[in-house]
file model.cif (mmCIF, C-alpha atoms)
data_my_file
loop_
_atom_site.label_atom_id
_atom_site.label_comp_id
_atom_site.auth_asym_id
_atom_site.auth_seq_id
_atom_site.Cartn_x
_atom_site.Cartn_y
_atom_site.Cartn_z
CA MET A 3 81.10 145.44 -21.16
CA ILE A 4 79.29 142.29 -22.24
CA ALA A 5 82.40 140.23 -21.70
CA ALA A 6 82.89 141.82 -18.29
CA LEU A 7 79.36 140.86 -17.28
CA GLU A 8 79.94 137.32 -18.46
CA GLY A 9 83.06 137.13 -16.33
CA LEU A 10 81.23 138.58 -13.36
CA LEU A 11 78.45 136.04 -13.57
CA PHE A 12 81.00 133.28 -13.83
CA VAL A 13 82.85 134.47 -10.73
CA VAL A 14 79.79 134.87 -8.50
CA GLY A 15 78.44 131.48 -9.47
CA GLU A 16 75.45 130.35 -7.44
CA ASP A 17 75.43 133.57 -5.43
CA GLY A 18 74.24 135.36 -8.54
CA LEU A 19 73.97 139.10 -9.15
CA THR A 20 71.11 141.54 -8.82
CA LEU A 21 70.57 144.09 -11.53
CA SER A 22 71.57 146.90 -9.18
CA GLN A 23 74.82 145.09 -8.39
CA ILE A 24 75.58 144.94 -12.10
CA GLU A 25 74.84 148.65 -12.41
CA GLU A 26 77.12 149.44 -9.51
CA ILE A 27 80.05 147.28 -10.56
CA LEU A 28 80.01 148.21 -14.23
CA GLU A 29 79.13 151.82 -13.39
CA ILE A 30 76.20 151.97 -15.75
CA ASP A 31 72.55 152.93 -15.37
CA GLU A 32 69.67 150.49 -15.19
CA GLU A 33 68.72 150.85 -18.82
CA LYS A 34 72.26 150.17 -20.00
CA ALA A 35 72.56 147.24 -17.59
CA LYS A 36 69.42 145.66 -18.97
CA GLU A 37 70.69 146.18 -22.48
CA VAL A 38 74.06 144.55 -21.78
CA LEU A 39 72.30 141.72 -20.01
CA SER A 40 69.87 140.99 -22.80
CA THR A 41 72.68 141.12 -25.38
CA LEU A 42 74.64 138.56 -23.40
CA LYS A 43 71.53 136.47 -22.83
CA ALA A 44 70.72 136.54 -26.52
CA SER A 45 74.24 135.60 -27.53
CA TYR A 46 74.03 132.57 -25.30
CA GLU A 47 70.74 131.62 -26.87
CA GLU A 48 71.67 132.27 -30.48
CA SER A 49 74.83 130.26 -30.61
CA ASN A 50 74.77 126.73 -29.37
CA ARG A 51 76.19 127.10 -25.90
CA GLY A 52 76.21 124.94 -22.80
CA ILE A 53 75.48 127.81 -20.48
CA ARG A 54 72.52 130.12 -20.13
CA ILE A 55 71.48 133.02 -17.92
CA ASP A 56 68.67 132.34 -15.49
CA PHE A 57 66.83 134.50 -12.98
CA LEU A 58 66.60 132.45 -9.81
CA GLY A 59 65.84 133.61 -6.30
CA ASN A 60 65.77 137.26 -7.37
CA ARG A 61 69.26 136.98 -8.82
CA LEU A 62 70.83 136.49 -12.22
CA LYS A 63 72.89 133.35 -12.43
CA LEU A 64 74.72 131.30 -14.99
CA THR A 65 73.37 127.78 -15.14
CA THR A 66 73.81 124.73 -17.29
CA LYS A 67 71.04 123.49 -19.57
CA LYS A 68 68.47 120.91 -18.62
CA GLU A 69 69.13 118.77 -21.68
CA HIS A 70 72.73 118.29 -20.62
CA GLN A 71 71.89 116.92 -17.21
CA LYS A 72 72.63 113.38 -18.34
CA TYR A 73 76.25 114.29 -19.00
CA TYR A 74 76.75 116.06 -15.69
CA GLN A 75 75.23 113.17 -13.83
CA LYS A 76 78.02 110.95 -15.05
CA LEU A 77 80.36 113.10 -13.00
CA VAL A 78 78.31 112.64 -9.88
CA VAL A 79 79.70 109.96 -7.62
CA ASN A 80 76.81 109.86 -5.17
CA LYS A 81 73.79 109.38 -7.38
CA GLU A 82 71.35 109.61 -4.53
CA ASN A 83 69.01 112.48 -5.10
CA ASN A 84 68.43 114.24 -1.83
CA LEU A 85 64.94 115.61 -2.05
CA LEU A 86 63.00 117.41 0.65
CA SER A 87 60.57 115.44 2.81
CA GLN A 88 56.81 115.91 2.61
CA ALA A 89 56.84 117.61 6.01
CA ALA A 90 59.54 120.02 4.83
CA LEU A 91 57.65 120.79 1.62
CA GLU A 92 54.40 121.43 3.49
CA THR A 93 56.11 123.71 5.94
CA LEU A 94 57.87 125.60 3.16
CA ALA A 95 54.64 125.99 1.19
CA ILE A 96 52.80 127.35 4.22
CA ILE A 97 55.56 129.83 4.99
CA ALA A 98 55.92 130.89 1.36
CA TYR A 99 52.22 131.74 1.00
CA ASN A 100 51.78 133.43 4.37
CA GLN A 101 55.08 135.03 5.17
CA PRO A 102 56.13 136.42 7.50
CA LEU A 103 54.48 134.20 10.06
CA THR A 104 55.15 132.54 13.39
CA ARG A 105 55.82 128.89 14.06
CA LEU A 106 52.47 128.59 15.79
CA SER A 107 50.66 129.69 12.65
CA VAL A 108 52.51 126.99 10.72
CA ASP A 109 51.57 124.43 13.38
CA LYS A 110 47.95 125.46 13.20
CA LEU A 111 47.78 125.08 9.45
CA ARG A 112 49.56 121.75 9.43
CA GLY A 113 47.83 120.40 12.51
CA VAL A 114 51.13 119.23 13.97
CA SER A 115 54.19 120.73 15.59
CA SER A 116 56.70 122.05 13.09
CA GLN A 117 59.42 122.93 15.54
CA GLN A 118 62.01 120.42 14.40
CA ILE A 119 61.33 120.72 10.71
CA LEU A 120 61.49 124.50 10.96
CA ARG A 121 64.84 124.32 12.70
CA LYS A 122 66.14 122.11 9.90
CA LEU A 123 64.85 124.47 7.23
CA VAL A 124 66.53 127.40 8.93
CA ALA A 125 69.77 125.42 9.13
CA LYS A 126 69.53 124.56 5.43
CA GLY A 127 69.02 128.22 4.58
CA PHE A 128 65.54 127.87 3.08
CA VAL A 129 63.88 129.83 5.87
CA LYS A 130 65.17 132.69 7.97
CA GLU A 131 64.08 134.60 11.03
CA VAL A 132 62.99 138.11 10.15
CA GLY A 133 62.01 139.61 13.47
CA ARG A 134 59.35 139.21 16.08
CA SER A 135 55.60 139.41 16.05
CA ASP A 136 53.70 141.77 18.34
CA LEU A 137 51.70 138.84 19.66
CA PRO A 138 52.09 137.89 23.32
CA GLY A 139 55.49 136.37 23.94
CA ARG A 140 56.80 138.15 20.85
CA PRO A 141 57.25 134.96 18.81
CA ILE A 142 59.79 134.83 16.01
CA LEU A 143 58.58 135.51 12.47
CA TYR A 144 59.84 133.37 9.62
CA GLU A 145 60.24 134.01 5.91
CA THR A 146 61.53 132.04 2.96
CA THR A 147 64.92 132.96 1.52
CA SER A 148 66.34 133.58 -1.94
CA MET A 149 67.83 130.10 -1.65
CA PHE A 150 64.33 128.67 -1.28
CA LEU A 151 63.30 130.31 -4.57
CA ASP A 152 66.41 129.07 -6.35
CA TYR A 153 65.92 125.53 -5.02
CA PHE A 154 62.54 125.35 -6.73
CA GLY A 155 63.72 127.23 -9.81
CA LEU A 156 61.60 130.28 -9.04
CA SER A 157 62.65 133.79 -10.03
CA THR A 158 60.57 135.63 -7.45
CA ILE A 159 57.94 134.74 -4.89
CA LYS A 160 55.30 135.74 -7.46
CA ASP A 161 56.23 132.66 -9.48
CA LEU A 162 54.56 130.42 -6.94
CA PRO A 163 51.41 128.80 -8.26
CA ASP A 164 48.18 130.57 -7.39
CA MET A 165 46.79 129.27 -4.12
CA GLN A 166 43.21 129.65 -5.36
CA ASN A 167 43.76 126.94 -7.93
CA PHE A 168 44.35 124.47 -5.16
CA LEU A 169 41.44 125.37 -2.91
CA LYS A 170 38.47 123.10 -3.44
CA GLN A 171 35.22 125.01 -3.76
CA ASN A 172 31.87 123.89 -2.51
CA GLN A 173 29.82 123.47 -5.68
CA GLU A 174 26.56 123.76 -3.80
CA GLU A 175 27.32 127.12 -2.34
CA ASP A 176 26.39 130.11 -4.40
CA ASP A 177 28.35 132.71 -2.54
CA VAL A 178 31.70 131.41 -3.69
CA ASP A 179 33.29 134.82 -3.49
CA LEU A 180 32.51 135.15 0.14
CA TYR A 181 33.84 131.71 0.73
CA THR A 182 37.18 132.25 -0.93
CA SER A 183 37.67 135.65 0.60
CA LYS A 184 37.70 133.91 3.95
CA TYR A 185 40.99 132.34 3.09
CA GLN A 186 42.73 135.47 2.05
CA GLU A 187 42.66 136.84 5.54
CA ILE A 188 45.36 134.55 6.79
CA MET B 6 45.86 98.82 9.35
CA ASP B 7 49.53 98.55 10.10
CA VAL B 8 52.67 100.62 9.88
CA LYS B 9 51.04 102.63 7.13
CA VAL B 10 49.59 104.81 9.84
CA LEU B 11 53.03 106.27 10.33
CA ASP B 12 53.02 107.72 6.86
CA PHE B 13 50.62 110.49 7.71
CA GLU B 14 51.97 113.95 8.26
CA GLY B 15 49.55 114.63 11.05
CA PRO B 16 45.90 114.53 12.09
CA LEU B 17 44.67 116.66 9.20
CA ASP B 18 46.48 114.48 6.73
CA LEU B 19 44.92 111.37 8.26
CA LEU B 20 41.45 112.89 8.22
CA LEU B 21 41.79 113.93 4.59
CA HIS B 22 42.86 110.42 3.72
CA LEU B 23 39.85 108.91 5.50
CA ILE B 24 37.48 111.28 3.72
CA LYS B 25 38.97 110.39 0.37
CA GLU B 26 38.97 106.68 1.09
CA SER B 27 35.32 106.70 2.09
CA LYS B 28 34.51 108.78 -0.99
CA VAL B 29 32.40 111.19 1.00
CA ASP B 30 31.80 114.86 0.28
CA ILE B 31 34.21 117.03 2.23
CA PHE B 32 31.48 119.67 2.51
CA ASN B 33 29.13 117.16 4.06
CA ILE B 34 31.25 114.89 6.20
CA PRO B 35 29.35 112.01 7.80
CA MET B 36 30.69 112.63 11.27
CA GLU B 37 29.74 109.35 12.81
CA GLU B 38 31.42 107.26 10.15
CA ILE B 39 34.56 109.35 9.86
CA THR B 40 34.98 109.75 13.60
CA SER B 41 34.83 106.04 14.23
CA GLN B 42 37.34 105.42 11.45
CA TYR B 43 39.61 108.07 12.87
CA LEU B 44 39.39 106.55 16.33
CA SER B 45 40.13 103.06 15.13
CA TYR B 46 43.25 104.38 13.40
CA LEU B 47 44.18 106.13 16.59
CA HIS B 48 43.78 102.96 18.66
CA THR B 49 46.01 101.04 16.27
CA LEU B 50 48.57 103.79 16.48
CA GLU B 51 48.48 103.78 20.25
CA VAL B 52 49.69 100.21 20.19
CA ILE B 53 52.59 101.03 17.90
CA ASP B 54 53.74 104.41 19.11
CA LEU B 55 52.03 106.12 21.98
CA GLU B 56 53.96 109.34 21.56
CA LYS B 57 52.98 109.68 17.93
CA ALA B 58 49.40 108.79 18.77
CA SER B 59 49.22 111.70 21.18
CA ILE B 60 49.58 114.09 18.24
CA TYR B 61 46.31 112.72 16.87
CA LEU B 62 44.37 113.03 20.10
CA PRO B 63 43.26 116.69 20.01
CA LEU B 64 41.55 116.25 16.64
CA ALA B 65 39.90 113.06 17.89
CA SER B 66 38.28 114.95 20.72
CA GLU B 67 37.30 117.70 18.32
CA LEU B 68 35.65 115.19 16.01
CA MET B 69 33.67 113.74 18.89
CA GLU B 70 32.61 117.19 19.99
CA ILE B 71 31.34 118.02 16.52
CA LYS B 72 29.58 114.67 16.35
CA ALA B 73 27.89 115.33 19.66
CA LYS B 74 26.84 118.82 18.62
CA MET B 75 25.24 117.47 15.49
CA LEU B 76 23.29 114.89 17.43
CA LEU B 77 21.72 117.49 19.68
CA PRO B 78 18.20 118.36 18.64
CA LYS B 79 17.70 121.96 17.57
CA ASN B 80 14.65 124.12 17.59
CA GLU B 81 13.61 125.96 14.47
CA ILE B 82 15.30 129.26 15.26
CA GLU B 83 18.59 127.61 16.04
CA LYS B 84 18.41 125.68 12.82
CA GLU B 85 18.15 128.90 10.94
CA GLU B 86 20.95 130.72 12.71
CA ALA B 87 23.43 128.13 13.86
CA GLU B 88 26.43 127.47 11.76
CA ASP B 89 27.28 123.97 10.81
CA PRO B 90 29.62 122.76 13.58
CA ARG B 91 31.78 121.22 10.86
CA ASP B 92 32.52 124.55 9.17
CA ASP B 93 35.71 125.38 10.98
CA LEU B 94 37.13 121.90 10.52
CA VAL B 95 36.23 121.83 6.84
CA LYS B 96 37.90 125.18 6.35
CA ARG B 97 41.08 123.89 7.93
CA LEU B 98 40.95 120.68 5.93
CA LEU B 99 40.53 122.51 2.66
CA GLU B 100 43.37 124.81 3.48
CA TYR B 101 45.62 121.96 4.44
CA GLU B 102 44.64 120.09 1.29
CA ALA B 103 45.56 123.10 -0.81
CA TYR B 104 49.03 123.24 0.72
CA LYS B 105 49.40 119.53 0.20
CA GLU B 106 48.52 119.93 -3.46
CA ILE B 107 50.99 122.77 -3.78
CA THR B 108 53.75 120.55 -2.45
CA LYS B 109 53.15 118.33 -5.46
CA SER B 110 53.89 121.20 -7.80
CA LEU B 111 56.84 122.19 -5.62
CA LYS B 112 58.16 118.67 -5.93
CA GLU B 113 58.00 118.92 -9.71
CA LYS B 114 59.78 122.25 -9.59
CA GLU B 115 62.39 120.76 -7.30
CA GLN B 116 63.04 117.96 -9.80
CA GLU B 117 63.24 120.39 -12.71
CA ARG B 118 65.66 122.67 -10.92
CA LYS B 119 67.90 119.72 -10.09
CA LYS B 120 68.51 119.35 -13.80
CA VAL B 121 70.57 122.49 -14.06
CA TYR B 122 73.73 123.31 -12.23
CA THR B 123 75.39 126.44 -11.04
CA LYS B 124 78.90 126.66 -9.68
CA LEU B 125 80.17 127.74 -6.31
CA PRO B 126 81.34 131.34 -6.24
CA SER B 127 84.99 131.69 -7.18
CA VAL B 128 87.43 132.26 -4.37
CA LEU B 129 88.28 135.94 -4.50
CA THR B 130 90.82 136.15 -1.71
CA PRO B 131 93.80 136.50 -4.08
CA TYR B 132 92.23 139.74 -5.34
CA MET B 133 91.77 141.25 -1.94
CA GLU B 134 93.19 144.67 -1.26
CA GLU B 135 96.81 144.75 -0.12
CA ASN B 136 96.09 145.95 3.37
CA ASN B 137 93.95 142.94 4.03
CA ILE B 138 96.88 140.64 3.56
CA ILE B 139 99.47 140.15 6.27
CA GLU B 140 102.40 142.34 5.44
CA ASN B 141 105.50 140.52 4.39
CA ASP B 142 107.97 142.34 6.62
CA ASN B 143 106.59 140.65 9.68
CA THR B 144 109.36 138.72 11.29
CA LEU B 145 109.32 135.66 13.43
CA ASP B 146 109.94 137.91 16.42
CA ASP B 147 106.69 139.75 15.77
CA LEU B 148 104.91 136.47 15.77
CA ILE B 149 106.50 135.35 19.01
CA ASP B 150 105.76 138.72 20.51
CA ALA B 151 102.15 138.50 19.50
CA PHE B 152 101.94 135.01 20.85
CA GLN B 153 103.39 136.04 24.16
CA LYS B 154 100.94 138.91 24.41
CA PHE B 155 98.22 136.45 23.72
CA LEU B 156 99.48 134.10 26.43
CA LYS B 157 99.66 136.97 28.88
CA ARG B 158 96.14 137.96 28.09
CA LYS B 159 95.08 134.38 28.52
CA GLU B 160 96.80 134.33 31.87
CA GLU B 161 94.90 137.39 32.97
CA GLU B 162 91.65 135.93 31.84
CA LYS B 163 92.22 132.87 33.93
CA PRO B 164 90.38 132.79 37.21
CA LEU B 165 92.63 133.53 40.13
CA LYS B 166 94.05 130.43 41.66
CA THR B 167 92.24 129.97 44.87
CA LYS B 168 93.04 126.68 46.38
CA VAL B 169 90.88 125.92 49.33
CA THR B 170 93.08 124.04 51.73
CA LEU B 171 92.85 123.41 55.37
CA LYS B 172 95.85 125.03 57.00
CA GLU B 173 96.83 122.68 59.69
CA ILE B 174 97.81 124.39 62.89
CA THR B 175 99.44 122.09 65.40
CA ILE B 176 100.19 122.73 69.03
CA SER B 177 103.86 122.03 68.47
CA SER B 178 104.13 124.56 65.68
CA ARG B 179 102.48 127.19 67.88
CA ARG B 180 104.84 126.30 70.71
CA LEU B 181 107.82 126.99 68.51
CA GLU B 182 106.38 130.27 67.40
CA ILE B 183 105.57 131.36 70.95
CA GLN B 184 109.07 130.39 72.00
CA SER B 185 110.61 132.50 69.30
CA ILE B 186 108.43 135.47 70.22
CA LEU B 187 109.41 135.18 73.86
CA LYS B 188 113.07 134.72 73.03
CA THR B 189 113.14 138.23 71.61
CA LYS B 190 110.64 139.88 73.90
CA LYS B 191 110.98 137.95 77.15
CA ARG B 192 107.51 139.07 78.15
CA ALA B 193 104.45 139.41 76.07
CA LYS B 194 100.86 140.15 76.61
CA PHE B 195 98.66 137.10 76.39
CA LYS B 196 96.72 138.74 73.56
CA GLU B 197 99.86 139.35 71.54
CA LEU B 198 100.36 135.64 71.11
CA PHE B 199 97.24 135.39 68.99
CA HIS B 200 97.65 136.67 65.46
CA HIS B 201 94.56 135.16 63.96
CA TYR B 202 91.28 134.32 65.43
CA SER B 203 90.36 131.18 63.56
CA ARG B 204 89.12 128.51 65.87
CA SER B 205 91.92 126.00 65.26
CA TYR B 206 94.53 128.73 65.67
CA VAL B 207 93.10 129.97 68.93
CA VAL B 208 92.69 126.47 70.33
CA ALA B 209 96.18 125.39 69.30
CA THR B 210 97.74 128.53 70.73
CA PHE B 211 95.85 128.25 73.98
CA LEU B 212 96.79 124.61 74.39
CA ALA B 213 100.40 125.41 73.58
CA ILE B 214 100.47 128.07 76.30
CA LEU B 215 98.88 125.75 78.82
CA GLU B 216 101.32 123.00 77.93
CA MET B 217 104.29 125.31 78.26
CA ALA B 218 103.01 126.56 81.59
CA ARG B 219 102.59 123.03 82.86
CA GLU B 220 106.15 122.30 81.89
CA SER B 221 107.12 125.38 83.90
CA TYR B 222 108.58 127.02 80.87
CA LEU B 223 106.23 129.94 81.12
CA LYS B 224 105.11 132.13 83.95
CA ILE B 225 101.68 133.57 83.60
CA THR B 226 100.71 136.47 85.75
CA GLN B 227 97.78 138.80 86.09
CA ASP B 228 97.77 141.83 88.38
CA GLY B 229 94.07 141.88 89.00
CA LEU B 230 90.71 140.91 87.61
CA PHE B 231 90.36 141.90 83.93
CA GLU B 232 93.96 143.15 83.89
CA GLU B 233 96.31 142.20 81.10
CA ILE B 234 97.62 138.66 81.36
CA ILE B 235 101.35 138.65 80.99
CA VAL B 236 103.23 135.71 79.68
CA GLU B 237 106.94 135.51 80.29
CA VAL B 238 109.72 133.02 80.16
CA LYS B 239 110.39 131.52 83.53
CA GLU B 240 113.95 132.21 84.62
CA GLU B 241 115.79 129.07 85.42
#

call {"tool": "encode", "arguments": {"input": "model.cif", "output": "structure tokens"}}
result
Amino acid sequence: MIAALEGLLFVVGEDGLTLSQIEEILEIDEEKAKEVLSTLKASYEESNRGIRIDFLGNRLKLTTKKEHQKYYQKLVVNKENNLLSQAALETLAIIAYNQPLTRLSVDKLRGVSSQQILRKLVAKGFVKEVGRSDLPGRPILYETTSMFLDYFGLSTIKDLPDMQNFLKQNQEEDDVDLYTSKYQEI
Amino acid sequence: MDVKVLDFEGPLDLLLHLIKESKVDIFNIPMEEITSQYLSYLHTLEVIDLEKASIYLPLASELMEIKAKMLLPKNEIEKEEAEDPRDDLVKRLLEYEAYKEITKSLKEKEQERKKVYTKLPSVLTPYMEENNIIENDNTLDDLIDAFQKFLKRKEEEKPLKTKVTLKEITISSRRLEIQSILKTKKRAKFKELFHHYSRSYVVATFLAILEMARESYLKITQDGLFEEIIVEVKEE
């Protein structure tokens, strides 16, 4: 069973598996699935292996280890590291913390039009359309994808840093609670 | 102030930068100072890229409005009740700043994640169920057959060929036709010589009849007013 799971994770690669998929394929219940998974995970960790199991974008995936990056990089022909632009990161952050939301809401928070950047993010698979808002004109609602989580090494959306830690507070104001609660309405 | 202006992500980003540069308290923005700085940036930008500058215009007008509001004298009651006209802007700035800060941590996470690799999913087509694979006993004929069906369907999908051409009707061609009609019938009603009623057809036919009458080939008779006109071949 453990070996079968290992093979499964190898085959699915970056697509990963959810726990319920594992249950379904191996025809076991959740408890058993978790047990098999942790045994495999532990065996990777105990012995000195080049592969580990990670939980990225709500899915279990086999990945390499960080400390071996230097070796893999030697295989890479194009060394250029394609990172996301500041505009893309801002847009993603706004969507991630407020999803689902419309493009106009993103524009309002950024203070500029996000039309093009949003289209690019959708094309890259970081953001997807999830329906329409009831607002006039029924604008499209956007949400981040599992790929977005994986890209930033996040297991679930809860792994995002707490927004409150980044909001500057007015030291002079006493009613801080009231002040912060304003921002949670978004 | 030069091309650096282009590095801002938008008006809020620029305003945040100005506030930080001037080392002023974001909760107590000196509107006059910041607005004039913002405007001077904007003027520089207008020279470089008018389109980009237009993005910064709405906030410029907002800044001036806030500045104006703050200059207006207030009576005591208003002072008590009125909100600071900067409140809404400050709220937006703080929010934007928070997202900007978060992008820093996202950037770190992005870098960290780049250190590990996953592989593309394996190609599973060889393991597909039999019935998904094209059966082996298909012959070349089946393929040709399928292709022909496809071509036929294509043909049907094509719009009908409708070539719009001008059918030229000449007097001489009508003459020949009238002659052949009269050769079999000897006499014909005038009306019978017209099969269509398009203008060129009618004109050509009429001229042909007139011509033939002038040449004394035809005899045209009418028994009375509004009676049938009879056209017949003149006996030699």

call {"tool": "resolve_selection", "arguments": {"input": "model.cif", "expression": "the PyMOL selection byres ((chain B) within 12 of (chain A))", "output": "PDB file with C-alpha atoms, in the frame of the given file"}}
result
ATOM      1  CA  ASP B  12      53.020 107.720   6.860  1.00  0.00           C
ATOM      2  CA  PHE B  13      50.620 110.490   7.710  1.00  0.00           C
ATOM      3  CA  GLU B  14      51.970 113.950   8.260  1.00  0.00           C
ATOM      4  CA  GLY B  15      49.550 114.630  11.050  1.00  0.00           C
ATOM      5  CA  PRO B  16      45.900 114.530  12.090  1.00  0.00           C
ATOM      6  CA  LEU B  17      44.670 116.660   9.200  1.00  0.00           C
ATOM      7  CA  ASP B  18      46.480 114.480   6.730  1.00  0.00           C
ATOM      8  CA  LEU B  19      44.920 111.370   8.260  1.00  0.00           C
ATOM      9  CA  LEU B  20      41.450 112.890   8.220  1.00  0.00           C
ATOM     10  CA  LEU B  21      41.790 113.930   4.590  1.00  0.00           C
ATOM     11  CA  ASP B  30      31.800 114.860   0.280  1.00  0.00           C
ATOM     12  CA  ILE B  31      34.210 117.030   2.230  1.00  0.00           C
ATOM     13  CA  PHE B  32      31.480 119.670   2.510  1.00  0.00           C
ATOM     14  CA  ASN B  33      29.130 117.160   4.060  1.00  0.00           C
ATOM     15  CA  LYS B  57      52.980 109.680  17.930  1.00  0.00           C
ATOM     16  CA  ALA B  58      49.400 108.790  18.770  1.00  0.00           C
ATOM     17  CA  SER B  59      49.220 111.700  21.180  1.00  0.00           C
ATOM     18  CA  ILE B  60      49.580 114.090  18.240  1.00  0.00           C
ATOM     19  CA  TYR B  61      46.310 112.720  16.870  1.00  0.00           C
ATOM     20  CA  LEU B  62      44.370 113.030  20.100  1.00  0.00           C
ATOM     21  CA  PRO B  63      43.260 116.690  20.010  1.00  0.00           C
ATOM     22  CA  LEU B  64      41.550 116.250  16.640  1.00  0.00           C
ATOM     23  CA  ASP B  92      32.520 124.550   9.170  1.00  0.00           C
ATOM     24  CA  ASP B  93      35.710 125.380  10.980  1.00  0.00           C
ATOM     25  CA  LEU B  94      37.130 121.900  10.520  1.00  0.00           C
ATOM     26  CA  VAL B  95      36.230 121.830   6.840  1.00  0.00           C
ATOM     27  CA  LYS B  96      37.900 125.180   6.350  1.00  0.00           C
ATOM     28  CA  ARG B  97      41.080 123.890   7.930  1.00  0.00           C
ATOM     29  CA  LEU B  98      40.950 120.680   5.930  1.00  0.00           C
ATOM     30  CA  LEU B  99      40.530 122.510   2.660  1.00  0.00           C
ATOM     31  CA  GLU B 100      43.370 124.810   3.480  1.00  0.00           C
ATOM     32  CA  TYR B 101      45.620 121.960   4.440  1.00  0.00           C
ATOM     33  CA  GLU B 102      44.640 120.090   1.290  1.00  0.00           C
ATOM     34  CA  ALA B 103      45.560 123.100  -0.810  1.00  0.00           C
ATOM     35  CA  TYR B 104      49.030 123.240   0.720  1.00  0.00           C
ATOM     36  CA  LYS B 105      49.400 119.530   0.200  1.00  0.00           C
ATOM     37  CA  GLU B 106      48.520 119.930  -3.460  1.00  0.00           C
ATOM     38  CA  ILE B 107      50.990 122.770  -3.780  1.00  0.00           C
ATOM     39  CA  THR B 108      53.750 120.550  -2.450  1.00  0.00           C
ATOM     40  CA  LYS B 109      53.150 118.330  -5.460  1.00  0.00           C
ATOM     41  CA  SER B 110      53.890 121.200  -7.800  1.00  0.00           C
ATOM     42  CA  LEU B 111      56.840 122.190  -5.620  1.00  0.00           C
ATOM     43  CA  LYS B 112      58.160 118.670  -5.930  1.00  0.00           C
ATOM     44  CA  GLU B 113      58.000 118.920  -9.710  1.00  0.00           C
ATOM     45  CA  LYS B 114      59.780 122.250  -9.590  1.00  0.00           C
ATOM     46  CA  GLU B 115      62.390 120.760  -7.300  1.00  0.00           C
ATOM     47  CA  GLN B 116      63.040 117.960  -9.800  1.00  0.00           C
ATOM     48  CA  GLU B 117      63.240 120.390 -12.710  1.00  0.00           C
ATOM     49  CA  ARG B 118      65.660 122.670 -10.920  1.00  0.00           C
ATOM     50  CA  LYS B 119      67.900 119.720 -10.090  1.00  0.00           C
ATOM     51  CA  LYS B 120      68.510 119.350 -13.800  1.00  0.00           C
ATOM     52  CA  VAL B 121      70.570 122.490 -14.060  1.00  0.00           C
ATOM     53  CA  TYR B 122      73.730 123.310 -12.230  1.00  0.00           C
ATOM     54  CA  THR B 123      75.390 126.440 -11.040  1.00  0.00           C
ATOM     55  CA  LYS B 124      78.900 126.660  -9.680  1.00  0.00           C
ATOM     56  CA  LEU B 125      80.170 127.740  -6.310  1.00  0.00           C
ATOM     57  CA  PRO B 126      81.340 131.340  -6.240  1.00  0.00           C
ATOM     58  CA  SER B 127      84.990 131.690  -7.180  1.00  0.00           C
ATOM     59  CA  VAL B 128      87.430 132.260  -4.370  1.00  0.00           C
ATOM     60  CA  LEU B 129      88.280 135.940  -4.500  1.00  0.00           C
TER      61      LEU B 129
END

call {"tool": "atom_distance", "arguments": {"input": "model.cif", "atom1": "CA of Glu37 in chain B", "atom2": "CA of Thr49 in chain B"}}
result
18.6 Å

call {"tool": "atom_distance", "arguments": {"input": "model.cif", "atom1": "CA of Leu55 in chain B", "atom2": "CA of Glu70 in chain B"}}
result
22.4 Å

call {"tool": "resolve_selection", "arguments": {"input": "model.cif", "expression": "the PyMOL selection byres ((chain A and resi 101-106) around 9)", "output": "ChimeraX atom specification"}}
result
/A:96-100,107-111,115-117,120,131-135,141-146

call {"tool": "resolve_selection", "arguments": {"input": "model.cif", "expression": "the PyMOL selection byres ((chain B and resi 205) around 12)", "output": "PDB file with C-alpha atoms, keeping the file's coordinate frame"}}
result
ATOM      1  CA  LEU B 171      92.850 123.410  55.370  1.00  0.00           C
ATOM      2  CA  LYS B 172      95.850 125.030  57.000  1.00  0.00           C
ATOM      3  CA  GLU B 173      96.830 122.680  59.690  1.00  0.00           C
ATOM      4  CA  ILE B 174      97.810 124.390  62.890  1.00  0.00           C
ATOM      5  CA  THR B 175      99.440 122.090  65.400  1.00  0.00           C
ATOM      6  CA  ILE B 176     100.190 122.730  69.030  1.00  0.00           C
ATOM      7  CA  ARG B 179     102.480 127.190  67.880  1.00  0.00           C
ATOM      8  CA  PHE B 199      97.240 135.390  68.990  1.00  0.00           C
ATOM      9  CA  HIS B 201      94.560 135.160  63.960  1.00  0.00           C
ATOM     10  CA  TYR B 202      91.280 134.320  65.430  1.00  0.00           C
ATOM     11  CA  SER B 203      90.360 131.180  63.560  1.00  0.00           C
ATOM     12  CA  ARG B 204      89.120 128.510  65.870  1.00  0.00           C
ATOM     13  CA  TYR B 206      94.530 128.730  65.670  1.00  0.00           C
ATOM     14  CA  VAL B 207      93.100 129.970  68.930  1.00  0.00           C
ATOM     15  CA  VAL B 208      92.690 126.470  70.330  1.00  0.00           C
ATOM     16  CA  ALA B 209      96.180 125.390  69.300  1.00  0.00           C
ATOM     17  CA  THR B 210      97.740 128.530  70.730  1.00  0.00           C
ATOM     18  CA  PHE B 211      95.850 128.250  73.980  1.00  0.00           C
ATOM     19  CA  LEU B 212      96.790 124.610  74.390  1.00  0.00           C
ATOM     20  CA  ALA B 213     100.400 125.410  73.580  1.00  0.00           C
TER      21      ALA B 213
END

call {"tool": "axis_aligned_box", "arguments": {"input": "model.cif", "around": "range 169-172 of chain B", "padding_each_side": "5 Å", "output": "JSON"}}
result
{"center_x": 93.4, "center_y": 124.7, "center_z": 53.2, "size_x": 15.0, "size_y": 12.5, "size_z": 17.7}

call {"tool": "atom_distance", "arguments": {"input": "model.cif", "atom1": "CA of Ile55 in chain A", "atom2": "CA of Lys126 in chain A"}}
result
24.9 Å

call {"tool": "residues_around", "arguments": {"input": "model.cif", "residues": "Met149 in chain A", "least_positions_apart": "4", "cutoff": "8 Å", "atoms": "all atoms listed in the file", "output": "ChimeraX atom specification"}}
result
/A:59,127-128,153
